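Text of protein_38.pdb (PDB, C-alpha atoms and all ligand atoms) as supplied:
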ATOM      1  CA  MET A  69       6.412  19.290  -5.563
ATOM      2  CA  ILE A  70       8.455  16.283  -4.449
ATOM      3  CA  ASP A  71      10.929  15.186  -7.118
ATOM      4  CA  LEU A  72      11.479  11.433  -7.450
ATOM      5  CA  SER A  73      12.910  11.563 -10.984
ATOM      6  CA  GLY A  74      14.725   8.430 -12.075
ATOM      7  CA  LYS A  75      13.257   6.222  -9.343
ATOM      8  CA  ILE A  76      11.621   2.883 -10.114
ATOM      9  CA  ALA A  77       8.470   2.179  -8.094
ATOM     10  CA  LEU A  78       6.323  -0.946  -7.735
ATOM     11  CA  VAL A  79       2.770  -0.501  -6.423
ATOM     12  CA  THR A  80       0.788  -3.616  -5.498
ATOM     13  CA  GLY A  81      -2.946  -3.345  -6.170
ATOM     14  CA  ALA A  82      -2.469  -0.321  -8.413
ATOM     15  CA  SER A  83      -5.461  -0.939 -10.682
ATOM     16  CA  ARG A  84      -7.984   0.748  -8.388
ATOM     17  CA  GLY A  85      -8.476   2.978  -5.356
ATOM     18  CA  ILE A  86      -5.562   4.196  -3.252
ATOM     19  CA  GLY A  87      -3.024   2.113  -5.192
ATOM     20  CA  ARG A  88      -4.128   3.664  -8.477
ATOM     21  CA  ALA A  89      -3.917   7.223  -7.092
ATOM     22  CA  THR A  90      -0.461   6.462  -5.663
ATOM     23  CA  ALA A  91       0.850   5.022  -8.922
ATOM     24  CA  LEU A  92      -0.295   8.119 -10.818
ATOM     25  CA  MET A  93       1.156  10.503  -8.221
ATOM     26  CA  LEU A  94       4.492   8.658  -8.230
ATOM     27  CA  ALA A  95       4.550   9.127 -12.000
ATOM     28  CA  ASP A  96       3.789  12.836 -11.552
ATOM     29  CA  ALA A  97       6.786  12.994  -9.194
ATOM     30  CA  GLY A  98       9.043  11.507 -11.892
ATOM     31  CA  CYS A  99       9.030   7.756 -11.164
ATOM     32  CA  ASP A 100       8.743   4.929 -13.624
ATOM     33  CA  VAL A 101       5.959   2.784 -12.172
ATOM     34  CA  ILE A 102       5.145  -0.919 -12.303
ATOM     35  CA  VAL A 103       1.381  -1.434 -11.903
ATOM     36  CA  ASN A 104       0.409  -4.685 -10.179
ATOM     37  CA  TYR A 105      -3.122  -6.096 -10.363
ATOM     38  CA  VAL A 106      -4.775  -9.490 -10.027
ATOM     39  CA  THR A 107      -8.228  -9.333 -11.679
ATOM     40  CA  SER A 108      -8.789  -5.848 -13.181
ATOM     41  CA  GLN A 109      -6.671  -6.020 -16.313
ATOM     42  CA  SER A 110      -8.393  -3.234 -18.237
ATOM     43  CA  ALA A 111      -8.275  -0.912 -15.225
ATOM     44  CA  ALA A 112      -4.543  -1.663 -14.832
ATOM     45  CA  GLU A 113      -3.985  -0.982 -18.545
ATOM     46  CA  GLN A 114      -5.772   2.370 -18.167
ATOM     47  CA  VAL A 115      -3.498   3.317 -15.231
ATOM     48  CA  ALA A 116      -0.448   2.362 -17.313
ATOM     49  CA  ARG A 117      -1.684   4.467 -20.243
ATOM     50  CA  GLU A 118      -2.051   7.480 -17.936
ATOM     51  CA  ILE A 119       1.466   6.917 -16.575
ATOM     52  CA  ALA A 120       2.883   6.656 -20.100
ATOM     53  CA  ASP A 121       1.036   9.875 -21.055
ATOM     54  CA  LYS A 122       2.999  11.590 -18.272
ATOM     55  CA  GLY A 123       6.211  10.547 -20.078
ATOM     56  CA  ARG A 124       7.183   7.778 -17.671
ATOM     57  CA  GLN A 125       8.111   4.135 -18.321
ATOM     58  CA  THR A 126       5.550   1.659 -17.032
ATOM     59  CA  ALA A 127       4.470  -1.971 -17.124
ATOM     60  CA  ILE A 128       1.504  -3.892 -15.798
ATOM     61  CA  VAL A 129       2.115  -7.151 -13.945
ATOM     62  CA  LYS A 130      -0.622  -9.615 -13.109
ATOM     63  CA  ALA A 131       0.376 -11.238  -9.820
ATOM     64  CA  ASP A 132      -1.701 -12.571  -6.951
ATOM     65  CA  VAL A 133       0.248 -11.339  -3.927
ATOM     66  CA  SER A 134      -1.136 -14.209  -1.842
ATOM     67  CA  GLU A 135       0.913 -16.573  -4.049
ATOM     68  CA  GLU A 136       4.632 -16.670  -3.298
ATOM     69  CA  GLU A 137       5.495 -17.797  -6.822
ATOM     70  CA  ASP A 138       3.650 -14.805  -8.312
ATOM     71  CA  ILE A 139       5.584 -12.457  -6.015
ATOM     72  CA  ARG A 140       8.930 -13.971  -7.033
ATOM     73  CA  SER A 141       8.070 -13.762 -10.736
ATOM     74  CA  MET A 142       6.954 -10.139 -10.385
ATOM     75  CA  VAL A 143      10.133  -9.090  -8.573
ATOM     76  CA  ASP A 144      12.292 -11.017 -11.077
ATOM     77  CA  TYR A 145      10.505  -9.220 -13.892
ATOM     78  CA  VAL A 146      11.157  -5.820 -12.278
ATOM     79  CA  GLY A 147      14.857  -6.633 -11.863
ATOM     80  CA  GLU A 148      15.251  -7.938 -15.418
ATOM     81  CA  THR A 149      13.227  -5.179 -17.095
ATOM     82  CA  PHE A 150      13.964  -2.082 -15.017
ATOM     83  CA  GLY A 151      17.291  -3.108 -13.449
ATOM     84  CA  ARG A 152      16.526  -1.603 -10.051
ATOM     85  CA  LEU A 153      13.805  -0.973  -7.463
ATOM     86  CA  ASP A 154      13.746   2.163  -5.318
ATOM     87  CA  ILE A 155      10.178   2.351  -4.010
ATOM     88  CA  LEU A 156       7.803  -0.457  -3.028
ATOM     89  CA  ILE A 157       4.218   0.304  -2.027
ATOM     90  CA  ASN A 158       2.582  -2.671  -0.269
ATOM     91  CA  ASN A 159      -1.006  -1.632  -0.913
ATOM     92  CA  ALA A 160      -2.980  -4.662  -2.173
ATOM     93  CA  ALA A 161      -5.356  -6.110   0.380
ATOM     94  CA  SER A 162      -8.684  -7.879   0.598
ATOM     95  CA  GLY A 163     -10.826  -9.643   3.156
ATOM     96  CA  GLY A 164     -14.522  -9.787   3.674
ATOM     97  CA  PHE A 165     -16.314  -7.742   6.304
ATOM     98  CA  ARG A 166     -17.819 -10.243   8.768
ATOM     99  CA  PRO A 167     -18.000 -10.870  12.505
ATOM    100  CA  LEU A 168     -15.168 -12.974  13.901
ATOM    101  CA  MET A 169     -17.706 -15.479  15.270
ATOM    102  CA  GLU A 170     -18.789 -16.195  11.682
ATOM    103  CA  SER A 171     -15.253 -16.407  10.267
ATOM    104  CA  THR A 172     -13.697 -19.686   9.192
ATOM    105  CA  ALA A 173     -10.089 -20.782   9.484
ATOM    106  CA  GLN A 174      -9.898 -20.603   5.688
ATOM    107  CA  GLN A 175     -11.072 -16.963   5.688
ATOM    108  CA  PHE A 176      -8.557 -16.146   8.432
ATOM    109  CA  GLU A 177      -5.724 -17.671   6.400
ATOM    110  CA  ARG A 178      -6.825 -16.007   3.169
ATOM    111  CA  THR A 179      -6.899 -12.590   4.843
ATOM    112  CA  MET A 180      -3.447 -13.027   6.410
ATOM    113  CA  ASN A 181      -2.004 -14.501   3.216
ATOM    114  CA  THR A 182      -3.231 -11.524   1.191
ATOM    115  CA  ASN A 183      -2.748  -8.674   3.644
ATOM    116  CA  VAL A 184       0.333  -9.602   5.723
ATOM    117  CA  ARG A 185       2.525 -12.339   4.245
ATOM    118  CA  PRO A 186       3.077 -10.559   0.888
ATOM    119  CA  LEU A 187       5.060  -7.778   2.570
ATOM    120  CA  LEU A 188       7.540 -10.294   3.971
ATOM    121  CA  GLN A 189       7.770 -12.246   0.737
ATOM    122  CA  LEU A 190       8.103  -9.103  -1.375
ATOM    123  CA  ILE A 191      10.953  -7.867   0.801
ATOM    124  CA  GLN A 192      12.669 -11.265   0.846
ATOM    125  CA  ALA A 193      12.490 -11.413  -2.957
ATOM    126  CA  ALA A 194      13.411  -7.758  -3.507
ATOM    127  CA  GLN A 195      16.122  -7.360  -0.848
ATOM    128  CA  PRO A 196      19.000  -7.445  -3.362
ATOM    129  CA  LEU A 197      17.319  -4.742  -5.471
ATOM    130  CA  LEU A 198      16.322  -2.594  -2.483
ATOM    131  CA  THR A 199      19.807  -2.648  -0.922
ATOM    132  CA  ALA A 200      21.959  -2.639  -4.088
ATOM    133  CA  GLY A 201      24.711  -0.042  -3.993
ATOM    134  CA  TYR A 202      23.934   1.212  -0.481
ATOM    135  CA  ARG A 203      26.896   2.677   1.354
ATOM    136  CA  ASP A 204      26.966   3.544   5.072
ATOM    137  CA  GLY A 205      26.439   7.208   5.787
ATOM    138  CA  GLN A 206      24.216   7.791   2.775
ATOM    139  CA  GLY A 207      20.516   8.468   3.127
ATOM    140  CA  PRO A 208      18.235   5.453   2.676
ATOM    141  CA  ARG A 209      18.773   3.618  -0.600
ATOM    142  CA  SER A 210      15.107   2.629  -0.936
ATOM    143  CA  LYS A 211      11.658   3.235   0.538
ATOM    144  CA  VAL A 212       8.890   0.800   1.456
ATOM    145  CA  VAL A 213       5.416   1.955   2.479
ATOM    146  CA  ALA A 214       2.618  -0.364   3.661
ATOM    147  CA  MET A 215      -1.071   0.539   3.957
ATOM    148  CA  SER A 216      -2.951   0.176   7.232
ATOM    149  CA  SER A 217      -6.236   1.281   8.777
ATOM    150  CA  HIS A 218      -7.710   2.189  12.165
ATOM    151  CA  GLY A 219      -8.727  -1.464  12.546
ATOM    152  CA  SER A 220      -5.092  -2.176  13.501
ATOM    153  CA  HIS A 221      -5.658  -0.574  16.919
ATOM    154  CA  GLN A 222      -9.441  -0.076  17.267
ATOM    155  CA  ALA A 223     -12.281  -2.595  17.529
ATOM    156  CA  LEU A 224     -14.589  -1.977  14.561
ATOM    157  CA  PRO A 225     -17.765  -3.906  13.613
ATOM    158  CA  ALA A 226     -17.213  -6.805  11.184
ATOM    159  CA  TYR A 227     -13.542  -5.830  10.842
ATOM    160  CA  GLY A 228     -11.919  -8.497  13.047
ATOM    161  CA  LEU A 229      -9.968 -10.354  10.374
ATOM    162  CA  ILE A 230      -8.804  -7.284   8.467
ATOM    163  CA  GLY A 231      -8.021  -5.409  11.683
ATOM    164  CA  ALA A 232      -5.855  -8.281  12.950
ATOM    165  CA  SER A 233      -4.091  -8.409   9.594
ATOM    166  CA  LYS A 234      -3.314  -4.681   9.771
ATOM    167  CA  SER A 235      -1.917  -5.004  13.331
ATOM    168  CA  ALA A 236       0.365  -7.779  12.112
ATOM    169  CA  LEU A 237       1.359  -5.725   9.080
ATOM    170  CA  GLU A 238       2.371  -2.730  11.223
ATOM    171  CA  SER A 239       4.424  -5.014  13.467
ATOM    172  CA  LEU A 240       6.118  -6.560  10.442
ATOM    173  CA  VAL A 241       7.078  -3.085   9.219
ATOM    174  CA  ARG A 242       8.806  -2.309  12.531
ATOM    175  CA  GLN A 243      10.664  -5.619  12.519
ATOM    176  CA  LEU A 244      11.740  -5.177   8.898
ATOM    177  CA  ALA A 245      12.998  -1.681   9.738
ATOM    178  CA  LEU A 246      15.109  -3.206  12.493
ATOM    179  CA  GLU A 247      16.561  -5.863  10.194
ATOM    180  CA  LEU A 248      17.011  -3.929   6.958
ATOM    181  CA  GLY A 249      17.228  -0.292   8.078
ATOM    182  CA  PRO A 250      21.000  -0.667   8.498
ATOM    183  CA  GLN A 251      21.170  -1.874   4.871
ATOM    184  CA  GLY A 252      19.527   1.296   3.608
ATOM    185  CA  VAL A 253      15.843   0.410   3.445
ATOM    186  CA  ASN A 254      13.344   2.823   4.955
ATOM    187  CA  PHE A 255      10.048   1.199   6.068
ATOM    188  CA  ASN A 256       6.918   3.071   7.117
ATOM    189  CA  VAL A 257       3.141   2.720   7.225
ATOM    190  CA  VAL A 258       0.402   5.055   6.066
ATOM    191  CA  LEU A 259      -2.751   4.502   8.122
ATOM    192  CA  ALA A 260      -5.737   5.923   6.255
ATOM    193  CA  GLY A 261      -9.151   6.807   7.609
ATOM    194  CA  LEU A 262     -12.269   5.847   5.671
ATOM    195  CA  VAL A 263     -11.736   6.489   1.955
ATOM    196  CA  GLU A 264     -14.421   5.969  -0.651
ATOM    197  CA  THR A 265     -13.158   3.179  -2.921
ATOM    198  CA  ASP A 266     -14.584  -0.069  -4.315
ATOM    199  CA  ALA A 267     -13.623  -1.714  -1.004
ATOM    200  CA  THR A 268     -15.810   0.576   1.081
ATOM    201  CA  ARG A 269     -18.607   1.984  -1.076
ATOM    202  CA  ASN A 270     -20.329  -1.405  -1.293
ATOM    203  CA  LEU A 271     -20.397  -1.936   2.467
ATOM    204  CA  PRO A 272     -23.907  -2.386   3.862
ATOM    205  CA  GLU A 273     -25.060   1.057   5.033
ATOM    206  CA  ALA A 274     -21.909   2.630   3.559
ATOM    207  CA  HIS A 275     -23.526   6.054   3.417
ATOM    208  CA  ARG A 276     -24.013   5.990   7.217
ATOM    209  CA  PHE A 277     -20.289   5.329   7.775
ATOM    210  CA  PHE A 278     -19.273   8.097   5.381
ATOM    211  CA  GLU A 279     -21.658  10.583   7.005
ATOM    212  CA  ALA A 280     -20.447   9.684  10.509
ATOM    213  CA  VAL A 281     -16.807  10.085   9.530
ATOM    214  CA  GLN A 282     -17.480  13.327   7.678
ATOM    215  CA  ALA A 283     -19.147  14.747  10.793
ATOM    216  CA  ARG A 284     -15.961  14.056  12.805
ATOM    217  CA  MET A 285     -13.457  15.504  10.304
ATOM    218  CA  LEU A 286     -11.425  18.254  11.973
ATOM    219  CA  VAL A 287     -10.281  19.808   8.712
ATOM    220  CA  GLY A 288     -13.607  21.222   7.564
ATOM    221  CA  PRO A 289     -16.067  19.537   5.227
ATOM    222  CA  ARG A 290     -13.611  17.764   3.017
ATOM    223  CA  PRO A 291     -13.649  14.083   1.949
ATOM    224  CA  LEU A 292     -10.617  11.856   2.456
ATOM    225  CA  THR A 293      -9.838  10.883  -1.138
ATOM    226  CA  PRO A 294      -7.336   8.338  -2.483
ATOM    227  CA  GLU A 295      -5.275  11.307  -3.704
ATOM    228  CA  GLU A 296      -5.021  12.799  -0.179
ATOM    229  CA  VAL A 297      -3.734   9.439   1.085
ATOM    230  CA  ALA A 298      -1.325   9.194  -1.851
ATOM    231  CA  LYS A 299       0.245  12.553  -0.862
ATOM    232  CA  ALA A 300       1.315  11.080   2.499
ATOM    233  CA  ILE A 301       2.683   7.992   0.739
ATOM    234  CA  ILE A 302       4.728  10.168  -1.642
ATOM    235  CA  PHE A 303       6.130  12.103   1.335
ATOM    236  CA  LEU A 304       7.299   8.793   2.871
ATOM    237  CA  CYS A 305       8.933   7.902  -0.465
ATOM    238  CA  SER A 306      10.880  11.157  -0.558
ATOM    239  CA  PRO A 307      14.157  12.286   1.024
ATOM    240  CA  MET A 308      12.060  14.603   3.232
ATOM    241  CA  SER A 309      11.179  11.562   5.376
ATOM    242  CA  ASP A 310      14.628   9.913   5.482
ATOM    243  CA  LEU A 311      14.814  10.032   9.291
ATOM    244  CA  ILE A 312      11.335   8.569   9.774
ATOM    245  CA  GLN A 313      11.844   4.815  10.184
ATOM    246  CA  GLY A 314       9.406   2.066  11.201
ATOM    247  CA  HIS A 315       6.542   4.463  11.942
ATOM    248  CA  THR A 316       2.883   4.913  11.132
ATOM    249  CA  LEU A 317       1.598   8.159   9.643
ATOM    250  CA  VAL A 318      -2.148   8.656  10.156
ATOM    251  CA  VAL A 319      -4.104  10.410   7.384
ATOM    252  CA  ASP A 320      -7.697  10.722   8.530
ATOM    253  CA  GLY A 321      -8.557  14.407   8.926
ATOM    254  CA  GLY A 322      -8.298  14.089  12.713
ATOM    255  CA  VAL A 323     -11.112  11.558  13.066
ATOM    256  CA  GLY A 324      -9.020   9.043  15.031
ATOM    257  CA  ILE A 325      -7.814  11.426  17.751
ATOM    258  CA  GLN A 326     -11.357  11.869  19.101
ATOM    259  CA  GLY A 327     -12.686   9.676  21.904
TER     260      GLY A 327
HETATM  261  N1  LIG A 401     -10.566   2.403   1.472
HETATM  262  C1  LIG A 401     -10.352   2.658   2.746
HETATM  263  O1  LIG A 401     -11.177   3.256   3.475
HETATM  264  C2  LIG A 401      -9.044   2.243   3.389
HETATM  265  C3  LIG A 401      -8.747   2.750   4.665
HETATM  266  C4  LIG A 401      -7.538   2.381   5.277
HETATM  267  C5  LIG A 401      -6.653   1.522   4.615
HETATM  268  N2  LIG A 401      -6.988   1.039   3.383
HETATM  269  C6  LIG A 401      -6.021   0.130   2.751
HETATM  270  O2  LIG A 401      -5.571   0.711   1.549
HETATM  271  C7  LIG A 401      -5.260  -0.322   0.612
HETATM  272  C8  LIG A 401      -6.044  -0.087  -0.671
HETATM  273  O3  LIG A 401      -7.427  -0.082  -0.352
HETATM  274  P1  LIG A 401      -8.517   0.378  -1.425
HETATM  275  O4  LIG A 401      -9.704   0.810  -0.642
HETATM  276  O5  LIG A 401      -7.901   1.309  -2.420
HETATM  277  O6  LIG A 401      -8.863  -1.031  -2.124
HETATM  278  P2  LIG A 401      -9.642  -1.362  -3.488
HETATM  279  O7  LIG A 401     -10.208  -0.145  -4.121
HETATM  280  O8  LIG A 401     -10.552  -2.500  -3.151
HETATM  281  O9  LIG A 401      -8.458  -1.910  -4.425
HETATM  282  C9  LIG A 401      -7.776  -3.048  -4.040
HETATM  283  C10 LIG A 401      -6.575  -3.243  -4.956
HETATM  284  O10 LIG A 401      -5.828  -4.367  -4.478
HETATM  285  C11 LIG A 401      -5.713  -5.307  -5.522
HETATM  286  N3  LIG A 401      -5.675  -6.655  -4.968
HETATM  287  C12 LIG A 401      -6.581  -7.248  -4.136
HETATM  288  N4  LIG A 401      -6.185  -8.514  -3.866
HETATM  289  C13 LIG A 401      -5.020  -8.708  -4.533
HETATM  290  C14 LIG A 401      -4.136  -9.799  -4.669
HETATM  291  N5  LIG A 401      -4.364 -10.965  -4.034
HETATM  292  N6  LIG A 401      -3.025  -9.654  -5.448
HETATM  293  C15 LIG A 401      -2.783  -8.481  -6.073
HETATM  294  N7  LIG A 401      -3.593  -7.405  -5.996
HETATM  295  C16 LIG A 401      -4.697  -7.531  -5.240
HETATM  296  C17 LIG A 401      -6.880  -5.061  -6.444
HETATM  297  O11 LIG A 401      -6.541  -5.565  -7.727
HETATM  298  P3  LIG A 401      -7.689  -5.940  -8.843
HETATM  299  O12 LIG A 401      -8.329  -4.607  -9.213
HETATM  300  O13 LIG A 401      -6.926  -6.527  -9.963
HETATM  301  O14 LIG A 401      -8.650  -6.864  -8.174
HETATM  302  C18 LIG A 401      -6.985  -3.537  -6.386
HETATM  303  O15 LIG A 401      -6.052  -2.924  -7.247
HETATM  304  C19 LIG A 401      -5.585  -1.637   1.329
HETATM  305  O16 LIG A 401      -4.417  -2.128   1.951
HETATM  306  C20 LIG A 401      -6.605  -1.214   2.373
HETATM  307  O17 LIG A 401      -6.661  -2.105   3.470
HETATM  308  C21 LIG A 401      -8.153   1.388   2.760
END
Is it possible to give me this structure as structure tokens?
Amino acid sequence: MIDLSGKIALVTGASRGIGRATALMLADAGCDVIVNYVTSQSAAEQVAREIADKGRQTAIVKADVSEEEDIRSMVDYVGETFGRLDILINNAASGGFRPLMESTAQQFERTMNTNVRPLLQLIQAAQPLLTAGYRDGQGPRSKVVAMSSHGSHQALPAYGLIGASKSALESLVRQLALELGPQGVNFNVVLAGLVETDATRNLPEAHRFFEAVQARMLVGPRPLTPEEVAKAIIFLCSPMSDLIQGHTLVVDGGVGIQG
């Protein structure tokens, strides 16, 4: 088991899905965890209760990551309340599934402002916390992991806006690694295959997508769960991945390597 005892972690969009599983697994690994949400207060409170039951400190923070002021307030709160930040999981995302030809400029901006810009604004706000006390020659002082999908590099039906946002997000991670790697911040991406969460189970014909993906899994008949994705995220938060910088780790059971 990876030991992250004493670390302070912030997970955006931790009330549901992959963010929730990651927050709980970080707590299992010994972290105190700040649970961000925007609409699902009772779900966020439930996650925080489970974290507290594991003996960890926790707090829930309502913040819309598409609003710069909310991001600043959330990071200020983390600094004032927890005094440090060691792990940041940029997980929150949204964006409707629709063809590009039916997408408006407003929908484009909303998707980018929710899925891409928050990473930059979170890092700008949290830079002092993420780099505090770093000395040359040490391992990374802090870890940042962002969530992507196959839409970043594949053309998928009705996924144009989200796919473009994930491409931009992966690029941003590389650029941030270049700028802040020398100050002790380790940036990476976890690219997940299709996971059953609220975001995907309500897709039209969702069962067809899940069946098609399951048929292509190269790890036997085994679903890709939020917990399986969270394991890869925890690895990228641990000292075991210190020399992995600016990269994308694919967790999809081998689906994406097939033509
Ligand atoms: N599911 C998949 O198949 C899949 C595959 C690859 C990558 N991903 C990526 O993994 C991440 C999590 O996906 P998921 O499927 O777990 O999503 P999900 O179940 O729909 O949960 C989304 C989470 O993000 C939060 N959120 C949404 N908009 C927000 C905002 N403006 N400010 C703050 N929080 C916000 C939600 O908070 P509330 O509950 O408060 O609304 C919720 O906690 C996303 O980046 C997604 O693109 C998912």
- Item | Point-to-point distance from atom CA of A:Leu156 to atom CA of A:Leu187, Å rounded to tenths |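 Between these atoms lies a distance of 9.6 Å.
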- Message: Env of stretch 262-278 of chain A: 9 Å cut, atoms = all atoms listed in the file, seq-sep filter 5 positions within chain, self excluded. Answer as a list in words.
- Response: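 Those residues are Arg84, Gly85, Ile86, Ser162, Phe165, Ser217, His218, Ala283, Pro291, Leu292, Thr293, Pro294, Val297 and Asp320 of chain A.
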Output C-alpha atoms for every residue in that selection, as a PDB file, keeping the file's coordinate frame.
ATOM      1  CA  ARG A  84      -7.984   0.748  -8.388  1.00  0.00           C
ATOM      2  CA  GLY A  85      -8.476   2.978  -5.356  1.00  0.00           C
ATOM      3  CA  ILE A  86      -5.562   4.196  -3.252  1.00  0.00           C
ATOM      4  CA  SER A 162      -8.684  -7.879   0.598  1.00  0.00           C
ATOM      5  CA  PHE A 165     -16.314  -7.742   6.304  1.00  0.00           C
ATOM      6  CA  SER A 217      -6.236   1.281   8.777  1.00  0.00           C
ATOM      7  CA  HIS A 218      -7.710   2.189  12.165  1.00  0.00           C
ATOM      8  CA  ALA A 283     -19.147  14.747  10.793  1.00  0.00           C
ATOM      9  CA  PRO A 291     -13.649  14.083   1.949  1.00  0.00           C
ATOM     10  CA  LEU A 292     -10.617  11.856   2.456  1.00  0.00           C
ATOM     11  CA  THR A 293      -9.838  10.883  -1.138  1.00  0.00           C
ATOM     12  CA  PRO A 294      -7.336   8.338  -2.483  1.00  0.00           C
ATOM     13  CA  VAL A 297      -3.734   9.439   1.085  1.00  0.00           C
ATOM     14  CA  ASP A 320      -7.697  10.722   8.530  1.00  0.00           C
TER      15      ASP A 320
END
At a cut-off of 12 Å, can you tabulate as a Markdown table every residue of stretch 158-184 of chain A near stretch 90-111 of chain A together with its closest atom pair and the distance in Å to one decimal, using all atoms listed in the file and ordering rows by chain then number?
| residue | atom | partner | partner_atom | distance |
| --- | --- | --- | --- | --- |
| A:Asn158 | CA | A:Asn104 | CA | 10.3 |
| A:Asn159 | CA | A:Thr90 | CA | 9.4 |
| A:Ala160 | CA | A:Tyr105 | CA | 8.3 |
| A:Ala161 | CA | A:Val106 | CA | 11.0 |
| A:Ser162 | CA | A:Val106 | CA | 11.4 |
| A:Thr182 | CA | A:Val106 | CA | 11.5 |
- Do you know which residues the PyMOL selection byres (((chain A and resi 164) around 10) and not hetatm) returns on this file, as a PyMOL selection string? chain A and resi 162-163+165-167+171+175-176+178-179+226-230+267+271
- Residue neighbourhood A:Phe255, 9 Å, all atoms listed in the file, exclusion window fewer than 5 positions, as a PyMOL selection string: chain A and resi 210-214+241-242+244-245+248-249+304+312-315
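Of the listed residues A:Ala131, A:Met308, A:Ile325, A:Val281, the one whose atoms come nearest to A:Asp144 is A:Ala131, with distances taken using all atoms listed in the file.
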- Between atom CA of A:Gln251 and atom CA of A:Ala300 - distance in Å to one decimal: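 These two atoms are separated by 23.8 Å.
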- Interatomic distance (Å, one decimal) between atom C6 of ligand LIG 401 (chain A) and atom CA of A:Val79: 12.7 Å
- Rank A:Leu198, A:Ile139, A:Leu259, A:Ala77 by their smallest atom-to-atom distance to ligand LIG 401 (chain A), using all atoms listed in the file, and report the top residue only. A:Leu259
- Using all atoms listed in the file, pick whichever of A:Arg284, A:Arg88, A:Arg290, A:Arg152 has the shortest atom-to-atom distance to ligand LIG 401 (chain A).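 Among A:Arg284, A:Arg88, A:Arg290, A:Arg152, it is A:Arg88 that comes nearest to ligand LIG 401 (chain A).
Nearest-residue note for ligand LIG 401 (chain A): choosing from A:Ser220, A:Ser73, A:Gln125, A:Gln206, the minimum distance belongs to A:Ser220, counting all atoms listed in the file.
When all atoms listed in the file are used to compute distances to ligand LIG 401 (chain A), the closest of the residues A:Ile302, A:Ala89, A:Ile119, A:Ala173 turns out to be A:Ala89.
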